[in-house]
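Trainee: Right, I'll just put the structure down here and ask away after.
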Amino acid sequence: MNLQEIMRTAESFQSEIVNFLLEFCAIPAVNPSFGGTGEFKRAVWLADYLNNQGIPVEIKEVPDEAVPEGRRLNLIAYISGREASAPTLWLVAHLDTVAPGDKSSWASDPFTPVVKGERIYGRGVEDNGQAVACITFAVKMLKQLGLVPERKVGLLFVSDEEAGSDKGLKHLVREGLFKPGDEALVPDSGTPDGGFLEIAEKSILWCKFNVQGKECHASNPLAGINAGWIGSLLAVDMIKFLRGKYCHRDALFNPPFSTFELTQKFGNVGSPNVIPGEDVFVVDFRVLPSIGLAEIIEDIERLLSKYEYEYGVRIKYETLQRLDAPKPTPVAAPIVKKLSGILKEFGVSSRIGGIGGGTCAAFLREAGIPAVVWSTIEETAHQPNEYVVIDNLVKDTAIMLALMMAQNGA
């Protein structure tokens, strides 16, 4: 089939895709790290749906006492291809969501997805419901049209992406699910024009610093040690030093350099005439993959020792999150070239780059699996009134089918 026929077929599925997404996202799947009960019920619903469509599903269970069922579910399905010995093309989406946040900021119930005009609103419709729907219906189209992909296609619907993937993709990588030569499409980020192919991520480090001084009355500051003032100096000195030392540039990213930002600042004293004995703040580090986080941590620890010695404070810090970026997916990787070519045929001008945020594609790259993060989205994930554009659902479904049918190594 040519791309025009694929697109027409996808358009004929539009109402069915919409109904699927409405039902799927009406099942709450808030990650337990954000106060929810997890994605178990949603995974069961999807497994039943796929099995009923003649797409046999294998379920990988991972123990987790944080959810009522005591386990998290990851779904795997395979579509046989013409080249039985060829590596697998994986399409990867996640089942869990973040919490809805302040429900008063929503125009409708976040867990009752609703169609308004050309959009569907609800928590998780974009992140990552759109990907689940598009992958599912690309395979349904494949089966209905009697098409056989060039090589085996693996469908992977994982748990726990929103909280680090320990019970999801990271666990499956450790189990050896992926083989040399495999490649993956991860529709977990994108742009409104659908032209951005993400092949790299910056390393992420979140550190929380606690500066301990001595509280006293502000009328006699010499009786104490002002942790608020010293903590502020520390944050400024740290960020200025790191920005100056690690000013390398990489045109693959926007911005093209590492970023070091003071984010959270915690309350200390309850009165304006009290010298604070404690100052607590968080710094968000987004570091180019060519720079090791270990070196940055050494610089931080040397600076903390200097401040303790000079100001008589005690400083503790904890790592809230650390993700060391793997090597980028090569620009010349077959999946990058194939997807870029397909987008061009659909009239979409593609561009290749990296992002400062993190996706589960990093775990694939770390395992040596070339992975591209791509989709056509409005970038409303994690926001009130999250939505998807129905036309994007249809177009992305068609593009995924075209990718399945692309010749291996093309």
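By order of appearance in the structure tokens: chains A, B, ..., then residues from 1 within every chain, and ligands from 1 in the order shown.
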Can you pull out the residues contacting Trp106 of chain A? Cut-off 12 Å, using only C-alpha atoms, and skip same-chain residues under 2 positions away; I want them as a count of residues only.
Mentor: 21
Trainee: Please identify all polymer residues within 10 Å of Leu197 of chain A, counting only C-alpha atoms, omitting same-chain residues fewer than 4 positions from it, and present them as a ChimeraX atom specification.
Mentor: /A:185,187,189-191,331,336,339-340,350-354,371-375
Trainee: Show me, as a VMD selection string, the residues that have an atom within 6 Å of segment 273-289 of chain A when counting only C-alpha atoms, minus same-chain residues fewer than 6 positions from it.
Mentor: chain A and resid 202 to 218 226 to 228 231 258 to 266 325
Trainee: Excluding same-chain residues fewer than 6 positions from Glu175 of chain A, what lies within 12 Å of it counting only C-alpha atoms, as a list in words?
Mentor: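 What passes the distance filter is Lys60, Val62, Asp166, Lys167, Gly168, Leu169 and Ala367 of chain A.
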Trainee: Identify all residues of segment 249-292 of chain A in strand (DSSP E) (DSSP on the backbone) and supply them as number ranges by chain.
Mentor: A: 259-265, 274-275, 278-287
Trainee: Could you build a table of the residues in segment 281-376 of chain A lying no more than 12 Å from segment 389-401 of chain A, giving for each the nearest pair of atoms and their separation in Å rounded to one decimal place, using only C-alpha atoms, ordered by chain and ascending residue number, as CSV?
Mentor:
residue,atom,partner,partner_atom,distance
A:Ile335,CA,A:Met400,CA,11.8
A:Lys338,CA,A:Ile399,CA,10.9
A:Leu339,CA,A:Ile399,CA,8.4
A:Ser340,CA,A:Ile399,CA,10.7
A:Gly341,CA,A:Ile399,CA,10.7
A:Ile342,CA,A:Ile399,CA,7.0
A:Leu343,CA,A:Ile399,CA,7.4
A:Lys344,CA,A:Ile399,CA,10.7
A:Glu345,CA,A:Ile399,CA,9.8
A:Phe346,CA,A:Ile399,CA,8.1
A:Gly347,CA,A:Lys395,CA,11.3
A:Val348,CA,A:Ile399,CA,10.9
A:Trp374,CA,A:Asp396,CA,9.5
A:Ser375,CA,A:Asp396,CA,6.8
A:Thr376,CA,A:Asn392,CA,5.9
Trainee: For segment 105-188 of chain A against segment 79-96 of chain A, with a cut-off of 6 Å and counting only C-alpha atoms, what is the closest atom pair and its distance in Å to one decimal for every residue that makes the cut, ordered by chain and number, as a Markdown table?
Mentor:
| residue | atom | partner | partner_atom | distance |
| --- | --- | --- | --- | --- |
| A:Asn128 | CA | A:His94 | CA | 6.0 |
| A:Ala131 | CA | A:Ala93 | CA | 5.9 |
| A:Val132 | CA | A:Ala93 | CA | 5.8 |
| A:Val148 | CA | A:Gly81 | CA | 5.8 |
| A:Pro149 | CA | A:Gly81 | CA | 4.8 |
| A:Glu150 | CA | A:Arg82 | CA | 5.0 |
| A:Arg151 | CA | A:Gly81 | CA | 4.0 |
| A:Lys152 | CA | A:Gly81 | CA | 4.3 |
| A:Val153 | CA | A:Leu89 | CA | 4.8 |
| A:Gly154 | CA | A:Trp90 | CA | 4.5 |
| A:Leu155 | CA | A:Leu91 | CA | 5.1 |
| A:Leu156 | CA | A:Val92 | CA | 4.8 |
| A:Phe157 | CA | A:Ala93 | CA | 5.0 |
| A:Val158 | CA | A:His94 | CA | 4.6 |
| A:Ser159 | CA | A:Leu95 | CA | 5.5 |
| A:Gly181 | CA | A:Pro87 | CA | 5.3 |
| A:Asp182 | CA | A:Pro87 | CA | 4.8 |
| A:Glu183 | CA | A:Leu89 | CA | 5.2 |
| A:Ala184 | CA | A:Trp90 | CA | 4.4 |
| A:Leu185 | CA | A:Leu91 | CA | 5.0 |
| A:Val186 | CA | A:Val92 | CA | 5.0 |
Trainee: Rounded to one decimal place, report the atom CA of Thr329 of chain A-atom CA of Ile355 of chain A distance in Å.
Mentor: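 If I compute the distance from atom CA of Thr329 of chain A to atom CA of Ile355 of chain A, I get 12.7 Å.
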Trainee: Between A:Gly270, A:Pro28, A:Gly194, A:Gly356, single out the one closest to Ala43 of chain A, counting only C-alpha atoms.
Mentor: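 Answer, going by the shortest atom-to-atom distance: A:Pro28.
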Trainee: Pick the closest to Glu162 of chain A from A:Ala381, A:Leu177, A:Ala294, A:Ile239: which is it, counting only C-alpha atoms?
Mentor: A:Ala381
Trainee: So what do you get for atom CA of Asn74 of chain A versus atom CA of Val173 of chain A, distance-wise?
Mentor: 12.2 Å
Trainee: What's around Glu61 of chain A at 7 Å? Count only C-alpha atoms, leave out sequence neighbours fewer than 4 positions away in its own chain, and write the answer as a list in words.
Mentor: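 Everything that qualifies: Arg71, Arg72, Leu73 and Asn74 of chain A.
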Trainee: Mind the document's chain letters and residue numbers, and return as a ChimeraX atom specification the residues of segment 20-269 of chain A that DSSP labels alpha helix (DSSP H).
Mentor: /A:20-25,40-52,130-144,169-174,227-245
Trainee: At what distance in Å, to one decimal, does atom CA of Glu126 of chain A lie from atom CA of Gly368 of chain A?
Mentor: 27.6 Å
Trainee: Which one is closest to Asn31 of chain A: A:Glu58, A:Val115, A:Ile17, A:Gly164? Count only C-alpha atoms.
Mentor: A:Gly164
Trainee: Find the residue from A:Val139, A:Lys245, A:Ser219, A:Asn19 that sits nearest to Pro56 of chain A; use only C-alpha atoms when measuring.
Mentor: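 Between A:Val139, A:Lys245, A:Ser219, A:Asn19, the residue approaching Pro56 of chain A most closely is A:Val139.
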Trainee: If we count only C-alpha atoms and set the cut-off at 9 Å, which residues sit around Glu366 of chain A, ignoring sequence neighbours fewer than 2 positions away in its own chain? Please answer as JSON, numbers by chain.
Mentor: {"A": [325, 326, 327, 361, 362, 363, 364, 368, 369]}
Trainee: For the residues in the current selection, export N, CA, C and O atoms as a tab-separated table (two decimals), in the first residue's frame.
Mentor:
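Result went into out06.tsv, see below:
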chain	number	residue	atom	x	y	z
A	325	ALA	N	22.93	10.16	31.50
A	325	ALA	CA	22.52	9.99	30.11
A	325	ALA	C	23.41	8.99	29.38
A	325	ALA	O	24.64	9.06	29.47
A	326	PRO	N	22.81	8.07	28.64
A	326	PRO	CA	23.60	7.16	27.79
A	326	PRO	C	24.03	7.89	26.53
A	326	PRO	O	23.64	9.03	26.28
A	327	LYS	N	24.81	7.20	25.70
A	327	LYS	CA	25.20	7.77	24.42
A	327	LYS	C	23.95	7.98	23.55
A	327	LYS	O	23.02	7.17	23.59
A	361	ALA	N	13.25	6.07	27.01
A	361	ALA	CA	14.13	5.68	25.91
A	361	ALA	C	15.58	5.60	26.36
A	361	ALA	O	16.38	4.88	25.76
A	362	ALA	N	15.92	6.34	27.42
A	362	ALA	CA	17.29	6.32	27.92
A	362	ALA	C	17.71	4.91	28.33
A	362	ALA	O	18.88	4.52	28.14
A	363	PHE	N	16.80	4.12	28.89
A	363	PHE	CA	17.14	2.76	29.32
A	363	PHE	C	17.42	1.86	28.12
A	363	PHE	O	18.25	0.95	28.21
A	364	LEU	N	16.74	2.12	27.02
A	364	LEU	CA	17.00	1.36	25.80
A	364	LEU	C	18.36	1.73	25.23
A	364	LEU	O	19.14	0.85	24.85
A	368	GLY	N	22.09	-0.36	24.47
A	368	GLY	CA	22.58	-0.47	23.11
A	368	GLY	C	21.51	-0.56	22.05
A	368	GLY	O	21.79	-0.93	20.90
A	369	ILE	N	20.26	-0.23	22.40
A	369	ILE	CA	19.15	-0.29	21.45
A	369	ILE	C	18.90	1.12	20.90
A	369	ILE	O	18.51	2.01	21.67
